[in-house]
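> Supplied in structure tokens, the structure appears directly below.
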Amino acid sequence: MQGSQTALEKLVLRHQAWIYNIAFKMVMDHDDASDITQEILIKAIKALPSYDPDKAAFRTWIYRITVNHVLTMKKKKFEYRINDIETYVSLIEKLPEDRACCHPEKHLLEEEIKIGCMTGMIMCLSRKERMVFILGGIFGIPDTEGSEIMEISKVNFRKILSRARKKISPHVNDFCGQIDSKNPCCCANKVTAFLSLGMADPKKLRFHHPSRPTVKDVVTKKYKQFRALYYEPFLDLYQQQPFYDPPDTTRWLRDILQHRTFREIFNL
């Protein structure tokens with residue numbers, strides 16, 4: 001009995017980091033992402049008795065639950081605040097510049113602003129475009145697997161990914177100084193503005209986690225195949241972002257599994 005519960009716990013926890021990182025990039029907020037991850041894990045646990053390994057790999061199955069949940073959930077706060085890329089880029093562009101900024105944590109803040117800005121651009125995509133961009137463009141999941149997860153054809157997966165890239169890439173490639181130093185927007189010059197507006201705090205970094213591995217460090221070798229087909233310089237900026245640690249849900253999950261309903265379902 002204890003062995004069954006431990007095995008179930010390990011099975012679910014193995015995928016929570018990926019679920020959490022998908023959720024965070026979809027909503028741009030760690031608290032919301034934590035809630036979404038728990039909601040998805042509960043759905044997955046409830047659905048486990050119906051899982052058929054002959055129909056799909058477990059990873060595909062649990063990611064499909066993740067996708068369906070995220071695409072149909074209520075809008076989160078940043079989805080209301082950021083939803084049009086022209087408006088978003090214009091607001092960033094209008095922030096005053098301070099080329100003489102000498103804040104002692106300037107490098108940390110520059111990275112924080114860069115990652116936050118890039119994440120905000122994703123928020124300007126529709127949810128479906130955002131999800132395909134995260135799966136295919138950031139995590140390098142190929143169309144064969146991505147189409148299964150999204151429950152669409154491989155052709156449609158590639159079309160949506162292409163549409164999402166085309167919506168973002170002109171604004172990044174022609175605007176962002178991270179891509180080309182000749183471009184008008186430089187994160188380092190915006191540090192003072194972000195600090196004064198309370199949009200950045202070196203003691204409470206929301207996006208830049210220097211101790212964490214990058215997405216590129218974590219993704220599988222399949223990314224190399226994706227890169228050969230779809231490489232664009234701006235995608236590297238997303239690959240250089242942190243792969244976030246999910247909140248520790250071990251105690252929470254154990255409490256769930258101790259509930260009488262779950263114990264009856266899984267004969268624990």
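Starting from 1 in every chain, residues are counted up; chains themselves are A, B, ... following the order of the structure tokens, and ligands are numbered from 1 as listed.
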Using only C-alpha atoms, what does the table of region 46-105 of chain A residues within 10 Å of region 119-134 of chain A look like, with each row giving the shortest atom pair and its distance in Å to one decimal, sorted by chain and ascending number, as a Markdown table?

```
| residue | atom | partner | partner_atom | distance |
| --- | --- | --- | --- | --- |
| A:Val67 | CA | A:Met131 | CA | 7.5 |
| A:Val70 | CA | A:Arg127 | CA | 8.2 |
| A:Leu71 | CA | A:Arg127 | CA | 6.2 |
| A:Thr72 | CA | A:Arg127 | CA | 9.2 |
| A:Lys75 | CA | A:Arg127 | CA | 9.9 |
| A:Phe78 | CA | A:Met123 | CA | 7.6 |
| A:Glu79 | CA | A:Met123 | CA | 6.5 |
| A:Tyr80 | CA | A:Met123 | CA | 9.5 |
| A:Arg81 | CA | A:Met123 | CA | 9.2 |
| A:Ile82 | CA | A:Cys124 | CA | 6.1 |
| A:Asn83 | CA | A:Cys124 | CA | 4.1 |
| A:Asp84 | CA | A:Cys124 | CA | 5.0 |
| A:Ile85 | CA | A:Cys124 | CA | 5.2 |
| A:Glu86 | CA | A:Cys124 | CA | 8.9 |
| A:Thr87 | CA | A:Cys124 | CA | 9.5 |
| A:Tyr88 | CA | A:Met121 | CA | 7.6 |
| A:Val89 | CA | A:Met121 | CA | 8.2 |
```
> Using only C-alpha atoms, what table do you get, as JSON lines, when you list each residue of region 98-124 of chain A with an atom no more than 8 Å from region 181-192 of chain A, its nearest pair of atoms, and their distance in Å rounded to one decimal, rows by chain then rising number?

```
{"residue": "A:Asp98", "atom": "CA", "partner": "A:Asn189", "partner_atom": "CA", "distance": 4.9}
{"residue": "A:Arg99", "atom": "CA", "partner": "A:Asn189", "partner_atom": "CA", "distance": 5.0}
{"residue": "A:Ala100", "atom": "CA", "partner": "A:Asn189", "partner_atom": "CA", "distance": 7.9}
{"residue": "A:Cys101", "atom": "CA", "partner": "A:Thr192", "partner_atom": "CA", "distance": 6.6}
{"residue": "A:Lys106", "atom": "CA", "partner": "A:Val191", "partner_atom": "CA", "distance": 7.1}
{"residue": "A:His107", "atom": "CA", "partner": "A:Ala188", "partner_atom": "CA", "distance": 7.7}
{"residue": "A:Leu109", "atom": "CA", "partner": "A:Val191", "partner_atom": "CA", "distance": 6.5}
{"residue": "A:Glu110", "atom": "CA", "partner": "A:Ala188", "partner_atom": "CA", "distance": 5.2}
{"residue": "A:Glu111", "atom": "CA", "partner": "A:Cys187", "partner_atom": "CA", "distance": 7.8}
{"residue": "A:Ile113", "atom": "CA", "partner": "A:Cys187", "partner_atom": "CA", "distance": 6.3}
{"residue": "A:Lys114", "atom": "CA", "partner": "A:Cys187", "partner_atom": "CA", "distance": 6.1}
```
> Write to file, as a PDB file, in the first residue's frame, the residues of the selection just made, with C-alpha atoms.

```pdb
ATOM      1  CA  ASP A  98      19.049  56.753 -17.936  1.00  0.00           C
ATOM      2  CA  ARG A  99      22.360  55.921 -19.584  1.00  0.00           C
ATOM      3  CA  ALA A 100      24.260  57.061 -16.480  1.00  0.00           C
ATOM      4  CA  CYS A 101      22.551  54.600 -14.133  1.00  0.00           C
ATOM      5  CA  LYS A 106      22.352  47.003 -12.206  1.00  0.00           C
ATOM      6  CA  HIS A 107      23.344  43.727 -13.875  1.00  0.00           C
ATOM      7  CA  LEU A 109      18.077  44.327 -12.703  1.00  0.00           C
ATOM      8  CA  GLU A 110      18.995  44.396 -16.381  1.00  0.00           C
ATOM      9  CA  GLU A 111      18.455  40.625 -16.579  1.00  0.00           C
ATOM     10  CA  ILE A 113      13.914  43.563 -17.058  1.00  0.00           C
ATOM     11  CA  LYS A 114      15.025  41.583 -20.098  1.00  0.00           C
TER      12      LYS A 114
END
```
> Please indicate the distance in Å from CA of Ile40 (chain A) to CA of His69 (chain A), rounded to one decimal place.
6.9 Å
> Using only C-alpha atoms, which protein or nucleic acid residues come within 12 Å of Ala56 (chain A)? Drop anything in the same chain fewer than 4 positions from it, and give the result as a list in words.
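Selected residues are Ser50, Tyr51, Asp52, Thr60, Trp61, Ile62, Tyr63, Arg64, Glu145, Glu148, Ile149 and Glu151 of chain A.
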> If you take only C-alpha atoms and a cut-off of 8 Å, which residues of region 107-180 of chain A touch region 208-217 of chain A, and what are their nearest atom pairs and distances in Å to one decimal, in chain and number order, as a Markdown table?

```
| residue | atom | partner | partner_atom | distance |
| --- | --- | --- | --- | --- |
| A:Leu108 | CA | A:His208 | CA | 7.4 |
| A:Glu111 | CA | A:His208 | CA | 6.1 |
| A:Glu112 | CA | A:His208 | CA | 4.8 |
| A:Ile115 | CA | A:His208 | CA | 6.7 |
| A:Ile138 | CA | A:Val215 | CA | 7.7 |
| A:Phe139 | CA | A:Val215 | CA | 7.1 |
```
> If you run DSSP on the backbone, which residues of region 95-151 of chain A are helix (DSSP H, G or I), as number ranges by chain?
A: 106-123, 127-138, 143-150
> Considering only C-alpha atoms, state which residue in the set A:Arg206, A:Cys117, A:Glu97, A:Pro142 is at the smallest distance from Gln178 (chain A).
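Among A:Arg206, A:Cys117, A:Glu97, A:Pro142, it is A:Cys117 that comes nearest to Gln178 (chain A).
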> Go ahead and compute the interatomic distance for CA of Gln239 (chain A) and CA of Lys203 (chain A), in Å to one decimal.
24.1 Å
> Mind checking which residues fall within 9 Å of region 12-18 of chain A, counting only C-alpha atoms, ignoring those fewer than 3 positions away in the same chain, and posting them as a ChimeraX atom specification?
/A:7-9,21-23,37-38,41,44-45,59,62-63,243-247,249-250,253
> Can you pull out every residue within 7 Å of Val172 (chain A), counting only C-alpha atoms, but drop anything in the same chain fewer than 4 positions away, and send it as a ChimeraX atom specification?
/A:168,176,234
> What is the distance, in Å and to one decimal place, between CA of Phe58 (chain A) and CA of Ile36 (chain A)?
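Computing the Euclidean distance for CA of Phe58 (chain A) and CA of Ile36 (chain A) yields 19.4 Å.
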